[in-house]
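**Student:** This is the structure I have questions about; it appears just below.
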Amino acid sequence: MQKFWIRILFIVAILILWEVSVILDGRLEKFPHPVGVWEALFRIGNERTLWVAVTQSLTRVLIAFVIAFILGVVFGIVLGSFTILDRALSPIIDALRSIAPIAWIPMAVMWLGITGKAAIFIVAYAAVFPIILNTYHAVRMIDRSLIHAARTLGASKLLLVYDVMFKSALPNILVGARISMGFAWASIIAAELAMGIKIEFGSKQDFGLGQLMVNTLFIERDINALVLYMLTIGVVGFGIDYFMRVVRRLSSPWALL
Amino acid sequence: MNATNVKLEVKSVSKSFVSPRLGKQVEALRDISFEVKPHEFVSIVGPSGCGKSTLLSIVAGLETPTKGQVIFDNKVVKEPGREIGMMFQDYALFPWHTVRGNVEFGPVACGLNKNEQAEISARLIELVGLRDFENSYPHELSGGMKQRCALARMLANDPKVWLMDEPLAAVDLQTRIILQEELLRLWGDYESLDQRRPVLFVTHGIEEAVFLSDRVLVLGHRPGQIKEQVKVNIPRPRSNQRNTKVMLEQVKYIWDLLRTEAEEALLEKAP
């Protein structure tokens with residue numbers, strides 16, 4: 001209990017020090033300060049803008065993740081099961097994996113325009129590799145004796161694939177899914193930042209958190225709001241990771257790490 | 001359980017494979033022939049690396065022999081199936097299923113309905129003494145309980161022959177003795193002959209082999225081939241026959257057959 005209070009005290013001390021030094025410095029338009037961020041929370045939290053942006057970013061991440069998950073699991077199973085395809089395709093996948101997702105932004109913009117679709121492409125690209133790799137290793141690590149046991153018990157091909165291979169691989173696939181969700185959330189922000197300014201078609205708002213930040217930086221010049229958005233990114237990222245851990249725990253309780 | 005008059009014949013089975021470590025052809029089994037008669041309990045003993053487990057996998061239809069064939073119930077064994085039950089050395093329980101789910105795997109695979117599945121699993125879980133653990137997962141069970149669960153899972157399909165690959169190798173000595181006696185009881189040690197299923201039991205425990213079996217096949221190694229078949233002359237039921245003079249003599253006889261082989265196997269590098 002004492003430790004807890006010491007931590008709190010320390011954080012409060014740092015916040016006060018931060019606040020006081022920014023106020024004394026006087027350049028409030030350039031440096032954010034705790035009270036300003038606090039005010040921004042109430043000002044912006046009451047508008048729809050932030051929530052629309054968070055929803056939009058999350059929606060893009062979710063769409064991209066589903067695409068990446070399906071592609072990743074299929075590729076992972078195929079590469080893990082067929083040595084020939086593994087030898088042929090693995091170097092290509094390793095090469096692609098070495099290209100940072102944001103390096104694809106120019107291409108994505110050229111093909112898909114400055115739209116949400118381009119952001120989805122970048123995010124799916126970032127998210128697919130951890131799923132491929134983890135599925136691949138999960139398939140390779142399947143205990144042969146479980147497959148043998150299932151076959152001696154009269155399992156059909158379908159039951160074998162679903163109830164033995166997929167369930168064997170699931171815990172590791174979900175480790176990949178968790179890592180890839182982390183990548184996805186990081187790269188949606190990067191992609192939206194790079195796409196720049198928020199776009200509005202009439203009443204339809206089409207912008208994510210990253211675009212909102214670009215807007216805030218160049219147009220509104222609201223430095224405290226930027227910090228608020230950064231905190232939002234952190235909280236949402238933590239929430240996503242927590243959610244993925246719960247999913248793994250509930251779906252494969254036999255394989256707790 | 002009504003046992004049928006099925007027998008298992010292994011005819012001139014040889015098996016060679018390319019060793020991944022040596023990169024050359026290794027002969028694992030050479031010209032192995034024997035049969036397991038209806039109602040008979042046969043054990044295979046041999047030094048480590050003699051191909052006992054490979055032989056059992058071939059009998060189960062999980063591996064194909066390079067030469068020869070396995071005939072079960074007058075049919076050539078080509079693939080595994082529910083008629084040939086098998087227990088594995090490392091239990092091979094499905095970790096995502098409870099005890100009950102594991103036992104019901106076979107009935108589900110064979111398309112029985114929910115009531116039949118539940119009836120079979122309830123009866124077998126009771127039989128192997130796991131009633132209080134039917135909703136536990138394998139990782140929550142002790143070695144002995146896992147083995148009982150694996151036995152119940154195999155029995156759930158009512159297989160016509162039982163193949164057992166060192167099923168008791170991973171449990172401690174006391175548990176092993178208890179499980180040996182339970183295994184015999186379930187097999188029909190106290191019942192009349194026609195209640196018993198043919199069993200092919202692989203072990204490296206000579207005492208275990210003698211205690212359980214009607215006949216012991218002694219395998220030599222590199223390549224694995226049958227050195228001798230030893231008939232066990234101990235009356236059934238066996239529970240109070242442990243360590244009798246006759247049993248110890250037969251154990252010693254088999255040990256003398258195997259000693260040199262086992263010593264060689266100990267010093268030899270694995271393939």
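Residue names in the structure tokens use chain letters A, B, ... in the order shown, residue numbers from 1 in each chain, and ligand numbers from 1 in the order shown.
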When you get a sec, could you note down which chain A residues fall within 7 Å of chain B, using only C-alpha atoms, as a ChimeraX atom specification?

**Tutor:** /A:145-146,148-149,151-156,254

**Student:** Tell me, which residues of stretch 5-225 of chain B carry DSSP strand (DSSP E or B), written as a PyMOL selection string?

**Tutor:** chain B and resi 8-18+25-36+41-45+67-72+75-76+84-87+161-165+199-202+215-220+224-225

**Student:** Which polymer residues have any atom within 10 Å of an atom of stretch 13-24 of chain B, counting only C-alpha atoms, with same-chain residues fewer than 4 positions away left out, as a PyMOL selection string?

**Tutor:** chain B and resi 28-34+51+54-55+58-59+63-70+223-225+270-271

**Student:** Which residues are near B:Lys231? Cut-off 7 Å, only C-alpha atoms, ignore same chain within fewer than 3 positions. Put them as a PyMOL selection string.

**Tutor:** chain B and resi 214-216

**Student:** What parts of stretch 89-223 of chain B does DSSP call helix (DSSP H, G or I)? I'd like the answer as a count of residues only.

**Tutor:** 69

**Student:** Tell me, as a list in words, which residues lie within 9 Å of stretch 99-107 of chain A, counting only C-alpha atoms; anything in the same chain fewer than 4 positions away does not count.

**Tutor:**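 My list of contacting residues is Ala95, Trp111, Leu112, Ala118, Ala119, Phe121, Ile122, Val123, Tyr125, Ala126, Ser187, Ala190, Ala191, Ala194 and Met195 of chain A.
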
**Student:** Please write the residues from the selection above to a file, keeping N, CA and C atoms, as a compact mmCIF listing (two decimals), in the first residue's frame.

**Tutor:**
# COMPACT_ATOMS: atom_id res chain seq x y z
N ALA A 95 11.38 -11.41 -47.70
CA ALA A 95 11.79 -10.16 -48.35
C ALA A 95 10.73 -9.08 -48.16
N TRP A 111 -2.57 3.54 -55.92
CA TRP A 111 -3.59 2.57 -56.33
C TRP A 111 -4.98 2.89 -55.81
N LEU A 112 -5.03 3.35 -54.56
CA LEU A 112 -6.34 3.45 -53.91
C LEU A 112 -6.74 4.88 -53.58
N ALA A 118 -6.73 2.89 -48.72
CA ALA A 118 -5.27 2.87 -48.72
C ALA A 118 -4.75 2.56 -47.32
N ALA A 119 -5.39 3.15 -46.31
CA ALA A 119 -4.99 2.91 -44.92
C ALA A 119 -5.21 1.44 -44.57
N PHE A 121 -5.18 -1.06 -46.59
CA PHE A 121 -4.13 -1.84 -47.26
C PHE A 121 -2.85 -1.87 -46.41
N ILE A 122 -2.43 -0.70 -45.94
CA ILE A 122 -1.20 -0.61 -45.15
C ILE A 122 -1.32 -1.45 -43.88
N VAL A 123 -2.45 -1.31 -43.21
CA VAL A 123 -2.64 -2.01 -41.94
C VAL A 123 -2.67 -3.53 -42.16
N TYR A 125 -1.29 -5.14 -44.52
CA TYR A 125 0.09 -5.54 -44.85
C TYR A 125 0.92 -5.71 -43.58
N ALA A 126 0.76 -4.74 -42.67
CA ALA A 126 1.53 -4.82 -41.42
C ALA A 126 1.10 -6.01 -40.57
N SER A 187 0.20 0.93 -37.08
CA SER A 187 0.35 1.39 -38.47
C SER A 187 -0.88 2.14 -38.97
N ALA A 190 0.11 5.58 -38.20
CA ALA A 190 1.15 6.01 -39.13
C ALA A 190 0.55 6.30 -40.51
N ALA A 191 -0.31 5.39 -40.98
CA ALA A 191 -0.90 5.55 -42.31
C ALA A 191 -1.76 6.80 -42.37
N ALA A 194 0.26 9.93 -42.39
CA ALA A 194 0.90 10.16 -43.68
C ALA A 194 -0.10 10.59 -44.74
N MET A 195 -1.35 10.12 -44.62
CA MET A 195 -2.37 10.52 -45.60
C MET A 195 -2.73 11.98 -45.44

**Student:** Within 8 Å of A:Ile147, counting only C-alpha atoms, which residues qualify if same-chain residues fewer than 6 places away don't, as a PyMOL selection string?

**Tutor:** chain A and resi 160+164-165

**Student:** Set the distance at 9 Å and use only C-alpha atoms: which residues neighbour A:Ile16 once local chain neighbours fewer than 5 positions away are removed? I'd like the list as a list of chain:residue names.

**Tutor:**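 Answer for this query is A:Ile11, A:Ser21, A:Pro34.
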
**Student:** Keeping only N, CA and C atoms, write the selected residues to a file as an mmCIF file, in the first residue's frame.

**Tutor:**
data_model
loop_
_atom_site.group_PDB
_atom_site.id
_atom_site.type_symbol
_atom_site.label_atom_id
_atom_site.label_comp_id
_atom_site.auth_asym_id
_atom_site.auth_seq_id
_atom_site.Cartn_x
_atom_site.Cartn_y
_atom_site.Cartn_z
ATOM 1 N N ILE A 11 4.191 10.576 -9.425
ATOM 2 C CA ILE A 11 3.549 11.018 -10.669
ATOM 3 C C ILE A 11 2.991 12.435 -10.503
ATOM 4 N N SER A 21 6.870 24.445 -14.954
ATOM 5 C CA SER A 21 7.939 24.882 -15.864
ATOM 6 C C SER A 21 7.388 25.417 -17.173
ATOM 7 N N PRO A 34 -0.211 19.833 -18.391
ATOM 8 C CA PRO A 34 -1.255 18.960 -17.848
ATOM 9 C C PRO A 34 -2.627 19.619 -17.731
#

**Student:** Restricting the calculation to only C-alpha atoms, which member of B:Ile177, B:Val218, B:Ala265, B:Leu8 is positioned closest to B:Asn243?

**Tutor:**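 Among the listed residues, B:Ile177 lies closest to B:Asn243.
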
**Student:** My list of candidates is A:Thr216, A:Ser98, A:Thr115, A:Asn172. Which is closest to A:Ile131 when distances are computed with only C-alpha atoms?

**Tutor:**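 Ranked by minimum distance to A:Ile131, first place goes to A:Asn172.
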